[in-house]
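Read the structure below first, then the notes.
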Amino acid sequence: MALARLLEGKPVAEKIKLEIKSQAQKLKQQPVLASVLVGDNPGAASYVKSQAKTALELGIIYKLFQLDKDTTEQALIDFILKLNLDKTVNGIIVQMPLPQHIDCRKISESLAPFKDVEGLHPENTGKLFLSRSGFASCTASAVMELLNSTGVDLYGKEAVVVGHSEIAGKPLAFLLLDKFATVTVCHIGTSKAGKLEEHVRRAEVLIVAVGKAGLIKGDWVKEGAIVIDVGINRIGAKIIGDVEFEKAQKHAAYITPVPGGVGPLTVTMLMRNLVEAAKLQQ
Ligand code: NAP
């Protein structure tokens, strides 16, 4: 039996980057992304590096603001409110994870919705619910671009999303509904009820965003399914996803590698939102 085709993020990202670059060049002023990093989390620092690199490539100014790890929640909110009013800044990203004493919901709510390029403010999540244009989560948009690159029509397809987080599973459920897929969202309750396997087995489109290596057994994957593995798990020096890749590859028609699938597209989606924000503001 033929192995699944690899759905790699990089070639899809390269095509979209050409469009972003051309849009950015048409703007009156170079677009500016403000990036706020609180503390010294190594994960967040590595995201910053890759965002700065992509911004440079696309003609976007990346302004990094590094705040002390002891910055209070109120001080961070005040800082964001200033960026909201700063006309030279088109978009704001607050790097996650934040130190534990800061409530990330309150931080998302303090962003001006028109500068919220990660699509976390309730106004933007609400627009997603209403199928109106706003900024959608970069992770969810990256998954939709990968699905789109297969050319497969999602209309009427059985789509199963595993994970119901605010940045991945929930926005994906709405974006898939907009394509008229029949959507099932699985979560911890599904697993605890022992029903995860039965849902996964009937998925024609399977998207997994949990963060548990090997949660999805390869032989649960339906013949000919499209499998998008969002999960990132560090096992020693290796990074793997949530799906048993080698086994799943024998059943699926398309599958994302981890790393190299969703990841390379997420930053591109952030820059696309930023240029869109700049266009709307200018
Ligand atoms: P999260 O906020 O921790 O959400 C994980 C979700 O999985 C939750 O909805 C959780 O449900 C559910 N879950 C936990 N255990 C489960 C189980 N045994 N069966 C079914 N569902 C279960 O994580 P996230 O931010 O969405 O990220 C998920 C994964 O994607 C992580 O590995 C993250 O590193 C990765 N990620 C990758 C990218 C990328 O660009 N490639 C971007 C973002 C995230 P409960 O909340 O009810 O427990």
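Numbering starts fresh at 1 for the residues of each chain in the structure tokens, the chains themselves are lettered A, B, ... in the order given, and ligands are numbered from 1 as they appear.
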
Proximity of chain A to ligand 1: per-residue shortest pair, 7 Å limit, only C-alpha atoms and all ligand atoms, as a Markdown table:
```
| residue | atom | partner | partner_atom_place_in_ligand_line | distance |
| --- | --- | --- | --- | --- |
| A:Thr139 | CA | ligand 1 | 42 (C) | 5.1 |
| A:Val162 | CA | ligand 1 | 21 (N) | 5.6 |
| A:Gly163 | CA | ligand 1 | 7 (O) | 3.7 |
| A:His164 | CA | ligand 1 | 9 (O) | 3.6 |
| A:Ser165 | CA | ligand 1 | 9 (O) | 4.3 |
| A:Glu166 | CA | ligand 1 | 26 (O) | 6.8 |
| A:Ile167 | CA | ligand 1 | 26 (O) | 5.7 |
| A:Ala168 | CA | ligand 1 | 26 (O) | 4.9 |
| A:Gly169 | CA | ligand 1 | 26 (O) | 6.5 |
| A:Cys186 | CA | ligand 1 | 20 (C) | 5.9 |
| A:His187 | CA | ligand 1 | 21 (N) | 3.5 |
| A:Ile188 | CA | ligand 1 | 21 (N) | 4.0 |
| A:Gly189 | CA | ligand 1 | 47 (O) | 6.8 |
| A:Thr190 | CA | ligand 1 | 20 (C) | 6.3 |
| A:Ser191 | CA | ligand 1 | 19 (N) | 4.6 |
| A:Ala209 | CA | ligand 1 | 28 (C) | 4.2 |
| A:Val210 | CA | ligand 1 | 7 (O) | 3.6 |
| A:Gly211 | CA | ligand 1 | 32 (O) | 3.1 |
| A:Lys212 | CA | ligand 1 | 32 (O) | 6.7 |
| A:Leu215 | CA | ligand 1 | 18 (N) | 6.8 |
| A:Val230 | CA | ligand 1 | 30 (O) | 4.7 |
| A:Gly231 | CA | ligand 1 | 32 (O) | 3.6 |
| A:Ile232 | CA | ligand 1 | 32 (O) | 3.9 |
| A:Asn233 | CA | ligand 1 | 32 (O) | 5.7 |
| A:Val262 | CA | ligand 1 | 41 (N) | 4.6 |
| A:Gly263 | CA | ligand 1 | 41 (N) | 3.7 |
| A:Pro264 | CA | ligand 1 | 40 (O) | 7.0 |
| A:Thr266 | CA | ligand 1 | 40 (O) | 5.0 |
```

Take the residues from that selection and put them in a file with C-alpha atoms, as an mmCIF file, in the first residue's frame.
```
data_model
loop_
_atom_site.group_PDB
_atom_site.id
_atom_site.type_symbol
_atom_site.label_atom_id
_atom_site.label_comp_id
_atom_site.auth_asym_id
_atom_site.auth_seq_id
_atom_site.Cartn_x
_atom_site.Cartn_y
_atom_site.Cartn_z
ATOM 1 C CA THR A 139 -2.530 28.037 14.391
ATOM 2 C CA VAL A 162 -9.048 16.388 18.973
ATOM 3 C CA GLY A 163 -8.411 19.138 21.558
ATOM 4 C CA HIS A 164 -10.672 22.111 22.336
ATOM 5 C CA SER A 165 -8.220 24.869 23.219
ATOM 6 C CA GLU A 166 -8.908 28.501 22.397
ATOM 7 C CA ILE A 167 -5.977 28.757 19.969
ATOM 8 C CA ALA A 168 -6.492 25.487 18.107
ATOM 9 C CA GLY A 169 -9.489 23.169 18.558
ATOM 10 C CA CYS A 186 -13.083 15.547 21.057
ATOM 11 C CA HIS A 187 -11.426 16.473 24.330
ATOM 12 C CA ILE A 188 -10.396 15.021 27.644
ATOM 13 C CA GLY A 189 -14.016 13.975 28.360
ATOM 14 C CA THR A 190 -14.099 11.968 25.122
ATOM 15 C CA SER A 191 -10.914 10.152 26.120
ATOM 16 C CA ALA A 209 -3.976 19.480 18.859
ATOM 17 C CA VAL A 210 -3.389 18.065 22.319
ATOM 18 C CA GLY A 211 0.311 17.820 23.208
ATOM 19 C CA LYS A 212 0.443 14.108 24.121
ATOM 20 C CA LEU A 215 -2.239 9.733 21.805
ATOM 21 C CA VAL A 230 -0.583 20.118 15.485
ATOM 22 C CA GLY A 231 0.981 18.569 18.590
ATOM 23 C CA ILE A 232 4.584 19.270 19.551
ATOM 24 C CA ASN A 233 6.188 16.947 22.084
ATOM 25 C CA VAL A 262 1.832 23.205 10.871
ATOM 26 C CA GLY A 263 4.756 24.970 12.603
ATOM 27 C CA PRO A 264 6.356 26.719 9.594
ATOM 28 C CA THR A 266 1.922 29.573 11.914
#
```

For the structure I just gave you, how does DSSP split segment 6-221 of chain A - specifically, which residues are strand (DSSP E)? Reply as a ChimeraX atom specification. /A:6,32-38,61-67,91-94,158-162,182-186,205-208

Next item on the list: Write out as an NGL selection string the residues lying within 9 Å of segment 145-150 of chain A, counting only C-alpha atoms and excluding same-chain residues fewer than 5 positions away.
Entry: :A and (7-9 or 12-13 or 140 or 205 or 226 or 228 or 254 or 256 or 261-262 or 265)

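Near Leu111 of chain A, within 9 Å and counting only C-alpha atoms, sit Ile77, Ile80, Leu81, Leu83, Asn84, Ile92, Ile107, Ser108, Glu109, Pro113, Phe114, Lys115, Asp116, Leu120 and His121 of chain A; same-chain residues fewer than 2 positions away were not included.
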
So that I can see what lies close to Arg202 of chain A, please list as a compact mmCIF listing (two decimals) with C-alpha atoms, in the first residue's frame the residues with an atom at most 8 Å from it, counting only C-alpha atoms and leaving out residues fewer than 3 positions away in the same chain.
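part.txt written:
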```
# COMPACT_ATOMS: atom_id res chain seq x y z
CA GLU A 158 -16.46 13.95 8.55
CA GLU A 198 -14.39 5.42 17.70
CA HIS A 199 -14.50 9.09 16.70
CA LYS A 222 -9.21 5.78 8.39
```

List as a compact mmCIF listing (two decimals) with N, CA and C atoms, in the first residue's frame the protein and nucleic acid residues near Phe65 of chain A, meaning an atom at most 8 Å away when only C-alpha atoms are counted, but skip any in the same chain fewer than 2 places from it.
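The file below, selection-v7.txt, is the result:
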```
# COMPACT_ATOMS: atom_id res chain seq x y z
N ALA A 34 4.59 44.87 17.05
CA ALA A 34 5.19 45.01 18.38
C ALA A 34 5.09 43.65 19.08
N SER A 35 6.21 43.17 19.58
CA SER A 35 6.24 41.87 20.24
C SER A 35 6.64 42.08 21.69
N VAL A 36 5.79 41.59 22.59
CA VAL A 36 6.05 41.82 24.02
C VAL A 36 6.44 40.49 24.66
N LEU A 37 7.63 40.48 25.22
CA LEU A 37 8.15 39.27 25.87
C LEU A 37 8.34 39.56 27.35
N LYS A 63 9.38 45.02 16.32
CA LYS A 63 9.90 45.75 17.50
C LYS A 63 9.71 44.89 18.73
N LEU A 67 10.19 42.73 28.82
CA LEU A 67 9.83 43.20 30.15
C LEU A 67 10.33 42.19 31.19
```

From segment 106-252 of chain A, collect each residue whose DSSP state is alpha helix (DSSP H) and return the set as number ranges by chain.
A: 106-110, 122-129, 138-150, 169-178, 188-192, 196-201, 245-248

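Between atom CA of Val267 of chain A and atom CA of Met144 of chain A there is a distance of 14.1 Å.
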
* Asked: Leaving out Lys247 of chain A and any residue of its chain fewer than 2 positions from it, which residues lie within 8 Å of it when counting only C-alpha atoms, given as a VMD selection string?
  -> chain A and resid 217 to 219 244 to 245 249 to 251

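Going from atom CA of Gln51 of chain A to atom CA of Gln95 of chain A covers 10.7 Å.
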
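Of the residues under consideration (A:Glu123, A:Glu19, A:Asp70, A:Asp78), A:Glu19 shows the shortest atom-to-atom contact distance to Glu276 of chain A when counting only C-alpha atoms.
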
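Using only C-alpha atoms, the nearest neighbour of Lys157 of chain A within the list A:Thr72, A:Leu206, A:Gly126, A:Arg132 is A:Leu206.
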
Of A:Lys179, A:Ser46, A:Gly59, A:Leu154, the one sitting nearest Lys26 of chain A when using only C-alpha atoms is A:Gly59

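Straight-line separation from atom CA of Leu130 of chain A to atom CA of Leu177 of chain A: 11.1 Å.
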